[in-house]
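Participant: Got a structure for you, upload16.cif, holding mmCIF, C-alpha atoms.
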```
data_target
loop_
_atom_site.label_atom_id
_atom_site.label_comp_id
_atom_site.auth_asym_id
_atom_site.auth_seq_id
_atom_site.Cartn_x
_atom_site.Cartn_y
_atom_site.Cartn_z
CA MET A 1 33.08 3.53 -27.41
CA LYS A 2 34.51 6.47 -25.57
CA SER A 3 31.23 7.40 -23.96
CA GLU A 4 30.70 3.81 -22.87
CA ASN A 5 34.00 3.81 -21.08
CA ARG A 6 33.06 6.96 -19.31
CA MET A 7 29.88 5.52 -17.90
CA GLU A 8 30.42 4.87 -14.24
CA LYS A 9 28.22 1.84 -13.74
CA PRO A 10 27.35 0.30 -17.09
CA SER A 11 25.79 -2.78 -15.51
CA MET A 12 23.40 -0.67 -13.46
CA THR A 13 22.00 1.24 -16.40
CA LYS A 14 21.23 -1.87 -18.42
CA VAL A 15 19.15 -3.67 -15.84
CA ARG A 16 15.45 -3.09 -16.25
CA GLU A 17 13.54 -1.47 -13.45
CA LEU A 18 10.49 -3.52 -12.56
CA ASN A 19 8.69 -1.14 -10.28
CA GLU A 20 9.12 2.14 -8.50
CA MET A 21 7.56 3.80 -5.49
CA LYS A 22 7.76 7.36 -4.24
CA LEU A 23 6.88 8.26 -0.71
CA ARG A 24 6.83 11.66 0.93
CA LEU A 25 6.61 11.95 4.69
CA PRO A 26 7.04 14.83 7.13
CA SER A 27 9.92 14.32 9.56
CA LEU A 28 7.78 13.20 12.48
CA SER A 29 9.29 10.38 14.51
CA VAL A 30 6.08 8.39 14.22
CA ASN A 31 6.93 8.08 10.52
CA GLU A 32 10.05 6.02 11.22
CA SER A 33 7.94 2.90 11.50
CA VAL A 34 5.65 4.02 8.67
CA ALA A 35 8.64 4.42 6.34
CA ARG A 36 10.27 1.07 7.09
CA ALA A 37 6.99 -0.84 7.00
CA THR A 38 5.93 0.75 3.70
CA VAL A 39 9.29 0.17 2.01
CA ALA A 40 9.33 -3.43 3.25
CA ALA A 41 5.79 -4.01 1.95
CA PHE A 42 6.82 -2.66 -1.45
CA CYS A 43 9.97 -4.82 -1.55
CA ALA A 44 7.96 -7.91 -0.65
CA GLN A 45 6.96 -8.36 -4.31
CA LEU A 46 10.53 -9.55 -5.00
CA ASP A 47 9.95 -12.27 -2.41
CA PRO A 48 13.00 -11.46 -0.28
CA GLY A 49 14.12 -13.70 2.56
CA ALA A 50 13.09 -12.78 6.10
CA THR A 51 16.64 -11.69 6.93
CA GLU A 52 16.90 -9.57 3.81
CA LEU A 53 13.63 -7.85 4.60
CA ALA A 54 14.74 -7.22 8.17
CA ASP A 55 18.02 -5.77 6.82
CA ILE A 56 16.08 -3.36 4.61
CA LYS A 57 13.74 -2.30 7.42
CA CYS A 58 16.63 -1.60 9.73
CA ALA A 59 18.64 0.39 7.17
CA VAL A 60 15.62 2.49 6.18
CA SER A 61 14.83 3.13 9.83
CA GLU A 62 18.38 4.40 10.39
CA ALA A 63 18.37 6.74 7.39
CA VAL A 64 14.93 8.17 8.14
CA THR A 65 15.83 8.64 11.81
CA ASN A 66 18.93 10.57 10.74
CA SER A 67 16.77 12.93 8.67
CA ILE A 68 14.40 13.45 11.60
CA VAL A 69 16.97 13.78 14.38
CA HIS A 70 19.80 15.54 12.59
CA ALA A 71 18.72 17.05 9.26
CA TYR A 72 15.50 18.62 10.53
CA LYS A 73 16.66 18.81 14.14
CA ASP A 74 14.19 21.31 15.64
CA THR A 75 11.97 21.71 12.62
CA VAL A 76 9.68 19.55 10.53
CA GLY A 77 10.56 19.10 6.89
CA MET A 78 9.79 16.62 4.15
CA ILE A 79 11.57 13.33 3.65
CA TYR A 80 11.44 11.95 0.11
CA ILE A 81 11.84 8.22 -0.32
CA THR A 82 12.17 6.53 -3.71
CA VAL A 83 12.37 2.76 -3.99
CA GLY A 84 13.37 1.03 -7.21
CA LEU A 85 13.15 -2.70 -7.76
CA TYR A 86 15.26 -4.14 -10.57
CA GLU A 87 15.12 -7.23 -12.72
CA ASP A 88 18.35 -8.59 -11.24
CA ARG A 89 16.72 -8.54 -7.78
CA ARG A 90 18.49 -5.41 -6.74
CA VAL A 91 16.73 -2.90 -4.51
CA ARG A 92 17.63 0.77 -4.55
CA ILE A 93 16.27 3.00 -1.81
CA GLU A 94 16.91 6.71 -1.88
CA ILE A 95 16.16 8.77 1.22
CA ARG A 96 16.45 12.50 0.65
CA ASP A 97 15.93 15.48 2.89
CA ARG A 98 16.35 19.23 2.56
CA GLY A 99 17.73 19.57 6.05
CA CYS A 100 20.93 21.03 7.44
CA GLY A 101 23.27 18.67 5.61
CA ILE A 102 26.30 16.87 6.99
CA GLU A 103 29.43 18.93 7.46
CA ASP A 104 31.81 16.01 7.20
CA VAL A 105 30.32 12.87 5.65
CA ARG A 106 33.42 10.78 6.20
CA MET A 107 33.37 11.62 9.89
CA ALA A 108 29.63 11.00 10.16
CA ARG A 109 30.09 7.51 8.76
CA GLN A 110 32.58 6.53 11.46
CA PRO A 111 31.22 4.02 13.98
CA LEU A 112 30.14 5.63 17.27
CA TYR A 113 30.46 9.17 15.88
CA THR A 114 27.56 11.36 16.90
CA THR A 115 26.93 15.09 17.15
CA ASP A 116 24.16 14.47 19.64
CA ALA A 117 25.93 13.78 22.91
CA GLU A 118 23.07 14.17 25.35
CA GLY A 119 20.32 12.53 23.29
CA GLU A 120 21.57 8.93 23.67
CA ARG A 121 22.19 8.52 19.96
CA SER A 122 24.57 5.61 19.59
CA GLY A 123 26.40 6.98 16.55
CA MET A 124 25.89 3.67 14.78
CA GLY A 125 23.34 4.67 12.13
CA PHE A 126 25.60 4.65 9.07
CA THR A 127 27.52 1.61 10.31
CA VAL A 128 24.26 -0.33 10.62
CA MET A 129 23.18 0.79 7.12
CA GLU A 130 26.52 -0.30 5.68
CA SER A 131 26.41 -3.59 7.48
CA PHE A 132 22.87 -4.48 6.39
CA CYS A 133 23.17 -3.25 2.77
CA ASP A 134 25.60 -3.97 -0.04
CA LYS A 135 26.38 -0.34 -0.67
CA VAL A 136 25.50 2.99 0.91
CA ARG A 137 25.99 6.24 -0.93
CA VAL A 138 25.82 9.53 0.95
CA VAL A 139 25.69 12.87 -0.84
CA SER A 140 25.32 15.90 1.36
CA LYS A 141 25.57 19.60 1.01
CA TRP A 142 25.94 21.70 4.12
CA GLY A 143 22.80 23.80 4.49
CA LYS A 144 21.06 22.09 1.55
CA GLY A 145 20.29 18.55 2.56
CA THR A 146 21.38 14.94 2.37
CA THR A 147 20.62 12.04 0.06
CA VAL A 148 21.35 8.54 1.29
CA THR A 149 21.05 5.74 -1.24
CA LEU A 150 20.91 2.16 -0.05
CA PHE A 151 21.62 -0.73 -2.42
CA LYS A 152 20.64 -4.26 -1.57
CA GLN A 153 21.12 -7.25 -3.81
CA LEU A 154 18.59 -9.92 -2.95
CA GLU A 155 19.57 -13.54 -3.33
CA ARG A 156 18.16 -15.66 -6.13
CA ARG A 157 15.03 -17.58 -5.26
CA GLU A 158 14.30 -20.93 -6.85
CA MET B 1 -2.13 3.64 14.41
CA ASN B 2 0.28 0.74 14.71
CA ASN B 3 -0.22 0.67 18.45
CA LYS B 4 0.54 -3.01 18.77
CA LYS B 5 3.96 -2.38 17.31
CA GLN B 6 4.75 0.55 19.60
CA CYS B 7 7.38 -0.43 22.09
CA SER B 8 6.27 -0.90 25.67
CA PHE B 9 7.39 -2.97 28.64
CA ASP B 10 5.94 -4.99 31.48
CA VAL B 11 7.59 -5.21 34.87
CA GLU B 12 8.13 -8.27 37.05
CA ARG B 13 9.95 -8.29 40.37
CA ARG B 14 11.82 -11.08 42.13
CA GLY B 15 13.66 -10.15 45.31
CA GLY B 16 16.12 -7.44 44.39
CA GLU B 17 15.71 -8.12 40.68
CA VAL B 18 13.56 -6.22 38.26
CA GLU B 19 12.62 -7.72 34.92
CA LEU B 20 11.65 -5.35 32.17
CA ILE B 21 9.91 -7.35 29.48
CA LEU B 22 9.90 -5.39 26.23
CA HIS B 23 7.36 -5.73 23.46
CA GLY B 24 7.06 -4.33 19.96
CA GLU B 25 9.56 -2.42 17.86
CA ILE B 26 12.36 -0.35 19.37
CA ASP B 27 13.14 2.74 17.34
CA HIS B 28 13.96 6.38 18.06
CA HIS B 29 10.27 7.31 18.21
CA CYS B 30 9.52 5.05 21.16
CA ALA B 31 12.97 5.05 22.77
CA VAL B 32 12.49 8.47 24.36
CA ARG B 33 9.30 7.45 26.16
CA VAL B 34 10.57 4.01 27.14
CA ARG B 35 13.78 5.53 28.46
CA THR B 36 11.89 7.98 30.67
CA ASP B 37 9.63 5.27 32.09
CA MET B 38 12.51 2.89 32.71
CA ASP B 39 14.68 5.48 34.39
CA ARG B 40 11.88 6.55 36.69
CA LEU B 41 11.41 2.96 37.77
CA LEU B 42 15.12 2.21 38.18
CA LEU B 43 15.76 5.41 40.12
CA GLU B 44 12.82 4.75 42.45
CA GLU B 45 13.53 1.09 43.11
CA HIS B 46 17.34 0.86 42.93
CA PRO B 47 17.27 -2.81 41.96
CA ARG B 48 20.37 -4.91 42.49
CA LYS B 49 19.87 -6.38 39.06
CA ALA B 50 17.81 -5.31 36.08
CA ILE B 51 17.00 -7.73 33.30
CA LEU B 52 15.95 -6.44 29.90
CA ASP B 53 13.97 -9.25 28.36
CA LEU B 54 14.21 -8.87 24.57
CA SER B 55 12.48 -12.17 23.69
CA HIS B 56 9.47 -10.39 22.23
CA ILE B 57 11.25 -7.66 20.29
CA ASP B 58 10.39 -7.84 16.59
CA PHE B 59 12.54 -4.96 15.47
CA MET B 60 15.38 -2.87 16.82
CA ASP B 61 17.66 -0.33 15.17
CA SER B 62 20.61 1.58 16.61
CA SER B 63 18.24 3.66 18.74
CA GLY B 64 17.76 0.49 20.77
CA LEU B 65 21.49 0.28 21.25
CA GLY B 66 21.46 3.80 22.70
CA LEU B 67 18.54 2.88 24.93
CA ILE B 68 20.22 -0.25 26.27
CA MET B 69 23.64 1.34 26.79
CA GLY B 70 22.02 4.29 28.55
CA ARG B 71 20.29 1.95 31.01
CA TYR B 72 23.51 -0.02 31.39
CA ALA B 73 25.28 3.19 32.43
CA LEU B 74 22.47 4.11 34.81
CA MET B 75 22.56 0.70 36.51
CA GLN B 76 26.31 1.04 36.95
CA ARG B 77 25.84 4.44 38.56
CA LEU B 78 23.29 2.90 40.91
CA GLY B 79 25.73 0.15 41.84
CA GLY B 80 23.68 -2.58 40.19
CA GLU B 81 23.98 -4.62 37.04
CA LEU B 82 22.11 -4.98 33.79
CA THR B 83 21.55 -8.22 31.89
CA LEU B 84 19.97 -8.78 28.49
CA ARG B 85 17.75 -11.79 28.08
CA ASN B 86 17.30 -13.51 24.74
CA PRO B 87 18.48 -10.82 22.35
CA ASN B 88 17.99 -12.09 18.79
CA PRO B 89 21.03 -12.46 16.50
CA ARG B 90 20.31 -9.10 14.83
CA ILE B 91 20.41 -7.29 18.14
CA VAL B 92 23.65 -9.05 19.04
CA LYS B 93 25.05 -8.04 15.65
CA ILE B 94 24.31 -4.36 16.28
CA PHE B 95 26.14 -4.64 19.60
CA GLU B 96 29.09 -6.28 17.89
CA LEU B 97 29.23 -3.57 15.21
CA ALA B 98 29.59 -1.04 18.03
CA GLY B 99 32.32 -3.15 19.64
CA LEU B 100 30.08 -3.70 22.66
CA GLY B 101 29.52 -7.42 22.16
CA ARG B 102 31.27 -8.37 25.38
CA MET B 103 30.28 -5.40 27.45
CA VAL B 104 26.75 -6.32 28.47
CA LYS B 105 25.86 -9.60 30.13
CA ILE B 106 23.59 -11.82 28.08
CA GLU B 107 21.53 -14.73 29.31
CA GLU B 108 19.56 -17.08 27.12
CA SER B 109 17.47 -18.78 29.77
CA PRO B 110 13.77 -18.92 29.04
CA LYS B 111 11.64 -16.96 31.44
CA GLU B 112 9.64 -19.99 32.56
CA GLU B 113 12.66 -21.62 34.17
CA GLN B 114 12.63 -19.18 37.02
CA ALA B 115 8.89 -19.12 37.58
#
```
Written as structure tokens, how would this file's structure read?
Facilitator:
Amino acid sequence: MKSENRMEKPSMTKVRELNEMKLRLPSLSVNESVARATVAAFCAQLDPGATELADIKCAVSEAVTNSIVHAYKDTVGMIYITVGLYEDRRVRIEIRDRGCGIEDVRMARQPLYTTDAEGERSGMGFTVMESFCDKVRVVSKWGKGTTVTLFKQLERRE
Amino acid sequence: MNNKKQCSFDVERRGGEVELILHGEIDHHCAVRVRTDMDRLLLEEHPRKAILDLSHIDFMDSSGLGLIMGRYALMQRLGGELTLRNPNPRIVKIFELAGLGRMVKIEESPKEEQA
């Protein structure tokens, strides 16, 4: 009983995972479209609506672009993407890098905040992810890397 | 690979107006190249009005927002104006998230009307 109460998300652990995909891509900007197209193709087996699929593509594009532009700024490193599809039509997409990390996650998530003043970054990446997903979790360690997890609950299909 | 999806643009001119008709997917990867090409054209021609036709854009993330706002700023510096044509609801939503929904002029007219 005690241990059950301590579990953070009991509902999440009970739902069966239907399928899982792992994808590893170097942080080349050409892989932004590869990542979003591959994740979308994998999610298609849950028969999402066109808007839901576009939401997922956009959020993945934002997270992967962050890894390329910020985490691995002047270097090339690996980006690890894991996609889980669950029985309750939930999609979980984890995008992990071993880049520079985010010094202040709360600040980074503010709309229009960017560290890249001259590069025409709009500072809207996290805001777009949050707006197009149900939940966005960001775990970052300065100098170690960042993991962004996107959660999207797809609507029921008749 | 994926060349059809790579963002590119065609140019049409009418009087002092320049229409930039975009195709494909706008992301960070293509934004750098498109930005350079657009700026070269705008700086050479100094159009009174630039229209970014987004009718054929299949995908855009926040990199597109940076691209559009950068060209908006450039057109202001050149004493001209920038209009967006037919942005889809997703593009408009990204603008609204940034609080820029009312900043850029939007027109919905189909291209054929002016031909």
Participant: Compile the residues of chain B that lie within 8 Å of chain A, evaluated using only C-alpha atoms, and express the compilation as a ChimeraX atom specification.
Facilitator: /B:27-29,59-63,65-67,70,94,97-98
Participant: Residues picked by the PyMOL selection byres ((chain B and resi 17) around 7) here, as a list in words?
Facilitator: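 When the PyMOL selection byres ((chain B and resi 17) around 7) is applied to the shown file, the picked residues are Arg13, Arg14, Gly15, Gly16, Val18, Glu19, Pro47, Arg48, Lys49 and Ala50 of chain B.
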Participant: What does the distance between atom CA of Glu25 of chain B and atom CA of Arg90 of chain B come to in Å, to one decimal place?
Facilitator: 13.0 Å
Participant: What does the distance between atom CA of His23 of chain B and atom CA of Leu78 of chain B come to in Å, to one decimal place?
Facilitator: 25.2 Å
Participant: Please measure the separation of atom CA of Asp37 of chain B and atom CA of Ile51 of chain B, giving the value in Å to one decimal.
Facilitator: 15.0 Å
Participant: Just the residues within 9 Å of Leu74 of chain B, please, counting only C-alpha atoms, with nothing from its chain fewer than 6 positions along; format it as a VMD selection string.
Facilitator: chain B and resid 39 42 to 43 80
Participant: Find the residues around Leu22 of chain B up to 12 Å (all atoms listed in the file counted), leave out those fewer than 4 positions away in its own chain, and share them as an MDAnalysis selection string.
Facilitator: chainID B and resid 5:12 26 30:31 34:35 38 51:60 64 68 84:87
Participant: Could you tell me, as a PyMOL selection string, exactly which residues end up selected when the PyMOL selection byres ((chain A and resi 38-43) around 9) is applied to this structure?
Facilitator: chain A and resi 20-21+23+33-37+44-48+53-54+56-57+60+81+83-85+91+93
Participant: With distances taken over all atoms listed in the file, which residue among B:Val32, B:Met103, B:Ile21, B:Ile91 lies nearest Tyr72 of chain B?
Facilitator: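 Residue with the minimum atom-to-atom distance to Tyr72 of chain B: B:Met103.
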Participant: Using all atoms listed in the file, which residues sit within 7 Å of Lys144 of chain A once same-chain residues fewer than 6 positions away are excluded, as a PyMOL selection string?
Facilitator: chain A and resi 98-101
Participant: Could you pull the residues within 8 Å of segment 104-106 of chain A, counting only C-alpha atoms, minus those fewer than 2 positions along the same chain, as number ranges by chain?
Facilitator: A: 102, 108-110, 138-140
Participant: Residues near segment 148-153 of chain A, anyone? I mean within 6 Å using all atoms listed in the file, not counting same-chain ones fewer than 6 positions away, as a list in words.
Facilitator: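 Near neighbours after the sequence-gap exclusion: Arg90, Val91, Arg92, Ile93, Glu94, Ile95, Cys133, Asp134, Lys135, Val136, Arg137 and Val138 of chain A.
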Participant: With all atoms of segment 15-34 of chain B from the file as input, state the centre and edge lengths in Å to one decimal of the axis-aligned box that has 5 Å extra on each side, as lines of an AutoDock Vina configuration file.
Facilitator:
```
center_x = 11.6
center_y = -0.8
center_z = 31.3
size_x = 19.1
size_y = 28.6
size_z = 38.0
```
Participant: Please determine the residues with any atom at most 9 Å from (17.5, -6.9, -11.1) (coordinates as given in the file, with all atoms listed in the file counting) and report them as a VMD selection string.
Facilitator: chain A and resid 12 15 to 18 85 to 91 153 to 154
Participant: Working from the structure I just supplied, which lacks atoms in segment 22-33 of chain B, can you model all heavy atoms there and output them as a short mmCIF file (atom, residue, chain, number, x, y, z; two decimals), keeping the file's coordinate frame?
Facilitator:
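Printed below is rebuild_38.cif as written:
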```cif
data_model
loop_
_atom_site.label_atom_id
_atom_site.label_comp_id
_atom_site.auth_asym_id
_atom_site.auth_seq_id
_atom_site.Cartn_x
_atom_site.Cartn_y
_atom_site.Cartn_z
N LEU B 22 10.22 -6.33 27.33
CA LEU B 22 9.90 -5.39 26.23
C LEU B 22 9.07 -6.06 25.15
O LEU B 22 9.24 -7.25 24.85
CB LEU B 22 11.20 -4.86 25.63
CG LEU B 22 11.94 -3.86 26.52
CD1 LEU B 22 13.42 -4.10 26.51
CD2 LEU B 22 11.62 -2.44 26.10
N HIS B 23 8.19 -5.26 24.58
CA HIS B 23 7.36 -5.73 23.46
C HIS B 23 7.42 -4.73 22.33
O HIS B 23 7.59 -3.53 22.57
CB HIS B 23 5.90 -5.86 23.92
CG HIS B 23 5.70 -6.85 25.01
ND1 HIS B 23 5.49 -8.18 24.78
CD2 HIS B 23 5.69 -6.69 26.36
CE1 HIS B 23 5.34 -8.82 25.94
NE2 HIS B 23 5.47 -7.93 26.92
N GLY B 24 7.21 -5.23 21.11
CA GLY B 24 7.06 -4.33 19.96
C GLY B 24 8.36 -4.00 19.27
O GLY B 24 9.30 -4.79 19.27
N GLU B 25 8.42 -2.83 18.66
CA GLU B 25 9.56 -2.42 17.86
C GLU B 25 10.28 -1.26 18.55
O GLU B 25 9.66 -0.26 18.90
CB GLU B 25 9.08 -1.97 16.47
CG GLU B 25 8.23 -3.02 15.77
CD GLU B 25 8.01 -2.75 14.29
OE1 GLU B 25 8.23 -1.60 13.86
OE2 GLU B 25 7.63 -3.69 13.58
N ILE B 26 11.59 -1.41 18.73
CA ILE B 26 12.36 -0.35 19.37
C ILE B 26 12.98 0.54 18.30
O ILE B 26 13.85 0.10 17.56
CB ILE B 26 13.49 -0.90 20.27
CG1 ILE B 26 12.94 -1.93 21.26
CG2 ILE B 26 14.17 0.24 21.02
CD1 ILE B 26 13.99 -2.52 22.16
N ASP B 27 12.50 1.77 18.23
CA ASP B 27 13.14 2.74 17.34
C ASP B 27 13.28 4.07 18.10
O ASP B 27 12.97 4.15 19.29
CB ASP B 27 12.37 2.90 16.02
CG ASP B 27 10.95 3.40 16.22
OD1 ASP B 27 10.58 3.80 17.35
OD2 ASP B 27 10.18 3.39 15.24
N HIS B 28 13.74 5.09 17.41
CA HIS B 28 13.96 6.38 18.06
C HIS B 28 12.66 6.96 18.59
O HIS B 28 12.61 7.56 19.66
CB HIS B 28 14.63 7.32 17.05
CG HIS B 28 14.38 8.77 17.29
ND1 HIS B 28 13.45 9.49 16.55
CD2 HIS B 28 14.88 9.62 18.20
CE1 HIS B 28 13.43 10.72 16.99
NE2 HIS B 28 14.28 10.84 17.99
N HIS B 29 11.57 6.74 17.84
CA HIS B 29 10.27 7.31 18.21
C HIS B 29 9.85 6.84 19.61
O HIS B 29 9.38 7.63 20.42
CB HIS B 29 9.22 6.89 17.18
CG HIS B 29 7.83 7.32 17.52
ND1 HIS B 29 7.46 8.64 17.56
CD2 HIS B 29 6.74 6.61 17.87
CE1 HIS B 29 6.18 8.73 17.90
NE2 HIS B 29 5.72 7.52 18.10
N CYS B 30 10.00 5.56 19.87
CA CYS B 30 9.52 5.05 21.16
C CYS B 30 10.61 5.08 22.23
O CYS B 30 10.32 5.04 23.42
CB CYS B 30 8.98 3.63 21.00
SG CYS B 30 10.25 2.41 20.81
N ALA B 31 11.88 5.16 21.80
CA ALA B 31 12.97 5.05 22.77
C ALA B 31 12.91 6.15 23.83
O ALA B 31 13.21 5.92 25.00
CB ALA B 31 14.32 5.08 22.05
N VAL B 32 12.51 7.35 23.42
CA VAL B 32 12.49 8.47 24.36
C VAL B 32 11.51 8.19 25.51
O VAL B 32 11.84 8.38 26.68
CB VAL B 32 12.08 9.78 23.63
CG1 VAL B 32 12.10 10.96 24.58
CG2 VAL B 32 13.00 10.03 22.44
N ARG B 33 10.32 7.72 25.15
CA ARG B 33 9.30 7.45 26.16
C ARG B 33 9.69 6.26 27.04
O ARG B 33 9.59 6.31 28.27
CB ARG B 33 7.96 7.17 25.45
CG ARG B 33 6.82 6.83 26.36
CD ARG B 33 5.52 6.70 25.58
NE ARG B 33 5.67 5.99 24.31
CZ ARG B 33 5.73 4.67 24.20
NH1 ARG B 33 5.63 3.91 25.27
NH2 ARG B 33 5.88 4.09 23.03
#
```
